[in-house]
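Undergrad: If you scroll down you'll find the structure; I have some questions about it.
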Amino acid sequence: MNKPFNPREIKFIDQMVQYCGKKTGTQAAIDSGFGAPGARTRASELMARPDIRDEIDRRLEEVRQKWQITKDKHYQELGELRDMAKETKNVNAAVRAEELRGKVAGLYIDRQILASTQMVRLPDGTMKLEQDLTEGDIEMKMEDLLLRHKVIGTHDKIDWKGGLPKIKASKNNSKRKK
């Protein structure tokens, strides 16, 4: 006979059922009160226990039964909606229903390009994604910034070797007046 689940294990099971496919086991473990440093290991240990896996499966089956959600039923319902749209000569609804049926069947792959990266304009006028900048592009951008914003003081030369600029002061500025 299995011992009863402790409160954190119950919360982990609840998280895995409630956010099925939306949270990882690690995130569910963290949200259940397990420490972040060992959450991945703890989630693996919990999912390896047959009693926890069985409880998650049982609860997920209850949800499926309650809402009667299956891929086949969903596919069939979309087909019926498509047929109704055809009968009423609603072409847009029929096309959309058929498109969704294709997605349920796995015929389409939704690709979303996230525009979370920043575009950078180089001094020569070209645009590049921030993650695609080369070392030469960054050096060119830094040189442009130095020229546009005039470095305080007079400098003979800027040495770009080694990554960061090394500014060599002119001989006139090397001696300070006291």
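Each chain in the structure tokens gets a letter, A, B, ..., in the order shown, and its residues are numbered from 1; ligands are numbered from 1 in order too.
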Could you go through range 23-66 of chain A and tell me which residues DSSP, when run on the backbone, assigns to alpha helix (DSSP H), listing them as a ChimeraX atom specification?

TA: /A:25-31,39-48,50-66

Undergrad: Would you kindly return, as a PyMOL selection string, each protein, DNA or RNA residue with an atom no farther than 9 Å from any atom of Met140 in chain A, considering only C-alpha atoms and excluding same-chain residues fewer than 6 positions away?

TA: chain A and resi 122-124

Undergrad: Save out the residues we just selected, C-alpha atoms, as a CSV table (one decimal), in the first residue's frame.

TA:
```csv
chain,number,residue,atom,x,y,z
A,122,LEU,CA,25.8,50.3,-39.0
A,123,PRO,CA,27.7,53.5,-40.0
A,124,ASP,CA,27.6,52.4,-43.7
```

Undergrad: Residues at most 12 Å from Glu55 in chain A, counting only C-alpha atoms, excluding those fewer than 2 positions away in the same chain, as a list in words?

TA: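 Result of the neighbour search: Asn2, Pro4, Phe5, Glu9, Ile10, Phe12, Ile13, Asp14, Met16, Val17, Leu46, Met47, Arg49, Pro50, Asp51, Ile52, Arg53, Asp57, Arg58, Arg59, Leu60, Glu61 and Glu62 of chain A.
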
Undergrad: Could you give me, as a PDB file with N, CA and C atoms, in the first residue's frame, the residues within 7 Å of Arg101 in chain A, counting only C-alpha atoms and dropping anything in the same chain fewer than 4 positions from it?

TA:
```pdb
ATOM      1  N   TYR A  75     -11.418  16.594 -34.459  1.00  0.00           N
ATOM      2  CA  TYR A  75     -11.325  16.540 -35.913  1.00  0.00           C
ATOM      3  C   TYR A  75     -12.720  16.386 -36.541  1.00  0.00           C
ATOM      4  N   LEU A  78     -14.814  19.640 -36.195  1.00  0.00           N
ATOM      5  CA  LEU A  78     -14.402  20.633 -37.185  1.00  0.00           C
ATOM      6  C   LEU A  78     -14.941  20.278 -38.574  1.00  0.00           C
ATOM      7  N   ALA A  97     -12.349  26.256 -41.000  1.00  0.00           N
ATOM      8  CA  ALA A  97     -12.574  24.955 -40.363  1.00  0.00           C
ATOM      9  C   ALA A  97     -11.679  23.894 -40.987  1.00  0.00           C
ATOM     10  N   ALA A 105      -4.724  17.422 -37.686  1.00  0.00           N
ATOM     11  CA  ALA A 105      -4.169  16.217 -38.299  1.00  0.00           C
ATOM     12  C   ALA A 105      -2.649  16.278 -38.400  1.00  0.00           C
TER      13      ALA A 105
END
```

Undergrad: What's around Arg40 in chain A at 10 Å? Count only C-alpha atoms, leave out sequence neighbours fewer than 5 positions away in its own chain, and write the answer as a list in words.

TA: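 Surrounding residues, per the criterion: Thr24, Gly25, Thr26, Gln27, Ala28, Ala29, Ile30, Phe34, Gly35, Glu45 and Leu46 of chain A.
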
Undergrad: Env of Ala94 in chain A: 12 Å cut, atoms = only C-alpha atoms, seq-sep filter 6 positions within chain, self excluded. Answer as a VMD selection string.

TA: chain A and resid 78 to 88 100 to 101

Undergrad: Enter the distance from CA of Asn92 in chain A to CA of Lys73 in chain A, in Å, rounded to one decimal.

TA: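 These atoms are spaced 22.3 Å apart.
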
Undergrad: Can you work out the spacing between CA of Lys22 in chain A and CA of Gln118 in chain A in Å, to one decimal?

TA: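 Going from CA of Lys22 in chain A over to CA of Gln118 in chain A covers 27.3 Å.
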
Undergrad: At what distance in Å, to one decimal, does CA of Gln18 in chain A lie from CA of His74 in chain A?

TA: 20.3 Å
